[in-house]
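A quick write-up on the structure given underneath.
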Amino acid sequence: MKISLDGVQETLLIPLWARAVETSRSDPIITDQYAVSMIESIAYDFSKFKSAWMSQLGVSIRTMLIDKALKDFMYRNDKSVIINIGAGLDTRFMRLSQSYKHWYDIDLPDVIELRRRFFSDSGNYTMLATSVYDYSWVDAIRSDGSPVMIIAEGVLMYFEEDEVGSLFRNLIDFFPGAEMIFDILAPFLVNRAKQHDSVKYTSAKFKWGIQGGQAVEAFSPSIRFIEEWNYYDYYPRRWRWFRFPVMIPAVRRLLNNCIVHTAFQK
């Protein structure tokens, strides 16, 4: 299957590759057989990522942490609504328990066109082909007072700070009381995509980063920081030599890549 993606859209192939590689390990952090099948059917030179072991591990840990947080949310909130912003080729709606009321995957039209080659809408699953900043997509969400979780994985760092702030404020207006899980990039890495071990093979640029998850509260008084999880706290042996410098507080602050969990106050 030939595909044509560039810029930020091309980066969706990195986590797909990373999950497929992890699945092939004898001791995987996560398993994703859907990713393995998709990789095999897509005509793309995934071999250029073969030396990007940090990205591969980071994506695996990121996937594990978001999976865990989402499972916990669904356990606490029966029949919840999940909104996945910038879904790419994420397979989470298939991999996790379908105890959710409805799952919405949102991405640009060309990405959703690609997703439709692998997945189809169903009674409790809908793909929405639009920019997240075209807020007409909100009209398609049927939450009916159900608990809402918003996911933004591998997305926000590609937008400017004012765009990210605007997105948060609009999501608060549309979904008061919702929770949100997202990953953050350390400020040191902004404008350094060409030094990144996998993103350097695309034309995407890192535009936004913050020192820690609590900093997003500056976007709105309605944002409540709950917790964050630093990638380097998990599977230290898999980080090889890199586990030693990130034990130094100054280096850890410089490279503070985390998964962040927040809530929107009503």
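Chain labels follow the order of the structure tokens: the first chain is A, the next B, and so on; residue numbering restarts at 1 in every chain, and ligands are counted from 1 in their shown order.
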Next on the checklist: I need the residues of range 15-187 of chain A that end up classed as strand (DSSP E or B) by DSSP on the backbone, written out as a list in words.
Outcome noted: Ala43, Val81, Ile82, Ile83, Asn84, Ile85, His102, Trp103, Tyr104, Asp105, Ile106, Asp107, Ser122, Tyr125, Thr126, Met127, Leu128, Ala129, Val148, Met149, Ile150, Ile151, Ala152, Glu179, Met180, Ile181, Phe182, Asp183 and Ile184 of chain A
The selected residues should be written to file as an mmCIF file, in the first residue's frame (atoms: C-alpha atoms).
```cif
data_model
loop_
_atom_site.group_PDB
_atom_site.id
_atom_site.type_symbol
_atom_site.label_atom_id
_atom_site.label_comp_id
_atom_site.auth_asym_id
_atom_site.auth_seq_id
_atom_site.Cartn_x
_atom_site.Cartn_y
_atom_site.Cartn_z
ATOM 1 C CA ALA A 43 5.030 0.752 1.368
ATOM 2 C CA VAL A 81 -16.475 9.113 26.040
ATOM 3 C CA ILE A 82 -12.917 9.142 24.660
ATOM 4 C CA ILE A 83 -11.719 11.872 22.282
ATOM 5 C CA ASN A 84 -8.364 11.135 20.637
ATOM 6 C CA ILE A 85 -6.878 14.276 19.056
ATOM 7 C CA HIS A 102 -18.050 6.031 22.425
ATOM 8 C CA TRP A 103 -14.566 6.603 21.032
ATOM 9 C CA TYR A 104 -13.752 9.421 18.601
ATOM 10 C CA ASP A 105 -10.502 9.530 16.604
ATOM 11 C CA ILE A 106 -9.810 12.963 15.116
ATOM 12 C CA ASP A 107 -7.190 13.821 12.503
ATOM 13 C CA SER A 122 -19.005 1.306 14.136
ATOM 14 C CA TYR A 125 -16.419 4.213 17.209
ATOM 15 C CA THR A 126 -16.253 7.267 14.911
ATOM 16 C CA MET A 127 -13.434 8.802 12.875
ATOM 17 C CA LEU A 128 -13.660 12.549 12.252
ATOM 18 C CA ALA A 129 -11.696 14.007 9.316
ATOM 19 C CA VAL A 148 -14.970 12.624 28.924
ATOM 20 C CA MET A 149 -11.277 11.852 28.505
ATOM 21 C CA ILE A 150 -9.275 13.714 25.857
ATOM 22 C CA ILE A 151 -6.005 12.254 24.555
ATOM 23 C CA ALA A 152 -3.357 14.244 22.683
ATOM 24 C CA GLU A 179 -9.885 15.055 31.907
ATOM 25 C CA MET A 180 -6.971 15.191 29.471
ATOM 26 C CA ILE A 181 -3.820 13.127 28.979
ATOM 27 C CA PHE A 182 -1.012 14.436 26.785
ATOM 28 C CA ASP A 183 2.732 14.296 26.387
ATOM 29 C CA ILE A 184 5.041 17.275 26.727
#
```
Checklist entry - So which residues touch Gly154 in chain A within 10 Å, counting only C-alpha atoms, skipping near sequence neighbours fewer than 3 positions away, as a list in words? => result Val8, Thr11, Leu12, Ile14, Pro15, Val59, Arg62, Ile85, Gly86, Ala87, Gly88, Ile151, Met157, Tyr158, Phe182, Asp183, Ile184 and Leu185 of chain A
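Of note, CA of Ser166 in chain A and CA of Tyr133 in chain A are spaced 9.0 Å apart.
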Item to check | Tyr235 in chain A environment, 12 Å, only C-alpha atoms, sequence neighbours closer than 4 positions dropped, as a count of residues only | outcome: 15
Checklist entry - For the atom pair CA of Ser55 in chain A and CA of Arg192 in chain A, what is the interatomic distance in Å to one decimal place? => result 14.5 Å
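In this structure, CA of Ala20 in chain A sits 21.9 Å away from CA of Gln98 in chain A.
Residue nearest Leu16 in chain A, chosen from A:Leu70, A:Ala35, A:Ile30, A:Ile3 and counting only C-alpha atoms: A:Ala35.
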Next on the checklist: Would you pick out the contacts of Tyr201 in chain A at 12 Å or less, using only C-alpha atoms, so that residues sharing its chain but fewer than 3 positions from it are not included, and give the list as a PyMOL selection string?
Outcome noted: chain A and resi 6-8+10-11+13-14+45-52+193-198+204-205
For the residues in the current selection, export N, CA and C atoms as a tab-separated table (two decimals), in the first residue's frame.
```
chain	number	residue	atom	x	y	z
A	6	ASP	N	3.56	13.98	4.45
A	6	ASP	CA	4.76	14.77	4.72
A	6	ASP	C	4.52	15.65	5.94
A	7	GLY	N	5.57	16.35	6.37
A	7	GLY	CA	5.44	17.23	7.51
A	7	GLY	C	5.05	16.48	8.77
A	8	VAL	N	4.20	17.10	9.57
A	8	VAL	CA	3.78	16.50	10.83
A	8	VAL	C	3.05	15.18	10.60
A	10	GLU	N	3.66	12.86	8.54
A	10	GLU	CA	4.58	11.74	8.36
A	10	GLU	C	5.04	11.18	9.70
A	11	THR	N	5.05	12.01	10.73
A	11	THR	CA	5.52	11.54	12.04
A	11	THR	C	4.62	10.46	12.64
A	13	LEU	N	3.97	7.76	11.44
A	13	LEU	CA	4.55	6.46	11.12
A	13	LEU	C	5.59	6.03	12.15
A	14	ILE	N	6.14	7.00	12.90
A	14	ILE	CA	7.16	6.68	13.90
A	14	ILE	C	6.59	5.85	15.04
A	45	ASP	N	9.74	3.29	3.76
A	45	ASP	CA	11.06	2.87	4.19
A	45	ASP	C	11.21	3.04	5.70
A	46	PHE	N	10.67	2.10	6.45
A	46	PHE	CA	10.78	2.14	7.90
A	46	PHE	C	12.20	1.87	8.38
A	47	SER	N	13.04	1.33	7.51
A	47	SER	CA	14.40	0.98	7.92
A	47	SER	C	15.22	2.20	8.32
A	48	LYS	N	14.81	3.38	7.88
A	48	LYS	CA	15.58	4.58	8.24
A	48	LYS	C	15.48	4.89	9.73
A	49	PHE	N	14.53	4.28	10.42
A	49	PHE	CA	14.39	4.50	11.86
A	49	PHE	C	15.14	3.46	12.69
A	50	LYS	N	15.83	2.53	12.04
A	50	LYS	CA	16.38	1.38	12.76
A	50	LYS	C	17.38	1.76	13.85
A	51	SER	N	18.04	2.90	13.73
A	51	SER	CA	18.99	3.31	14.77
A	51	SER	C	18.34	4.20	15.84
A	52	ALA	N	17.05	4.49	15.69
A	52	ALA	CA	16.35	5.42	16.60
A	52	ALA	C	15.83	4.66	17.82
A	193	ALA	N	14.32	19.60	16.17
A	193	ALA	CA	13.80	18.37	15.56
A	193	ALA	C	14.85	17.69	14.69
A	194	LYS	N	15.73	18.46	14.09
A	194	LYS	CA	16.75	17.88	13.22
A	194	LYS	C	17.83	17.14	13.99
A	195	GLN	N	17.84	17.29	15.31
A	195	GLN	CA	18.76	16.51	16.14
A	195	GLN	C	18.06	15.30	16.78
A	196	HIS	N	16.76	15.18	16.55
A	196	HIS	CA	15.99	14.08	17.12
A	196	HIS	C	16.27	12.80	16.32
A	197	ASP	N	16.36	11.67	17.00
A	197	ASP	CA	16.80	10.47	16.30
A	197	ASP	C	15.82	9.89	15.29
A	198	SER	N	14.54	10.28	15.36
A	198	SER	CA	13.58	9.78	14.37
A	198	SER	C	12.88	10.91	13.61
A	204	ALA	N	8.99	17.77	9.92
A	204	ALA	CA	8.27	18.34	11.06
A	204	ALA	C	9.21	19.14	11.96
A	205	LYS	N	8.64	20.12	12.67
A	205	LYS	CA	9.41	20.96	13.58
A	205	LYS	C	8.78	20.97	14.97
```
Next on the checklist: Using DSSP assignments from the backbone, pull out every residue in range 167-216 of chain A that falls under helix (DSSP H, G or I) and give it to me as a list in words.
Outcome noted: Leu167, Phe168, Arg169, Asn170, Leu171, Ile172, Asp173, Phe174, Pro187, Phe188, Leu189, Ala193, Lys194, Gln195, Val199, Lys200, Tyr201, Gly213, Gln214, Ala215 and Val216 of chain A
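You can rank A:Met38, A:Ala140, A:Asp72, A:Tyr135 by their closest distance to Asp90 in chain A using only C-alpha atoms, and at the top of that list sits A:Met38.
Among the candidate residues A:Arg25, A:Arg224, A:Arg253, A:Arg237, the one lying nearest to Pro187 in chain A is A:Arg253, with distances computed using only C-alpha atoms.
Proximity of A:Pro109, A:Pro176, A:Gly212, A:Gly165 to Gly145 in chain A, computed with only C-alpha atoms, is greatest for A:Pro176.
Shortest atom-to-atom contact with Ile223 in chain A among A:Ile39, A:Ala178, A:Leu89, A:Val111: A:Ala178, counting only C-alpha atoms.
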Checklist outcome for this item: From the list A:Phe174, A:Trp208, A:Trp137, A:Phe73, the nearest residue to Glu160 in chain A using only C-alpha atoms is A:Trp208
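For Ile226 in chain A, the non-local neighbours within 8 Å, defined as residues at least 5 positions apart in the same chain or in other chains and counting only C-alpha atoms, are Val260, His261, Thr262 and Ala263 of chain A.
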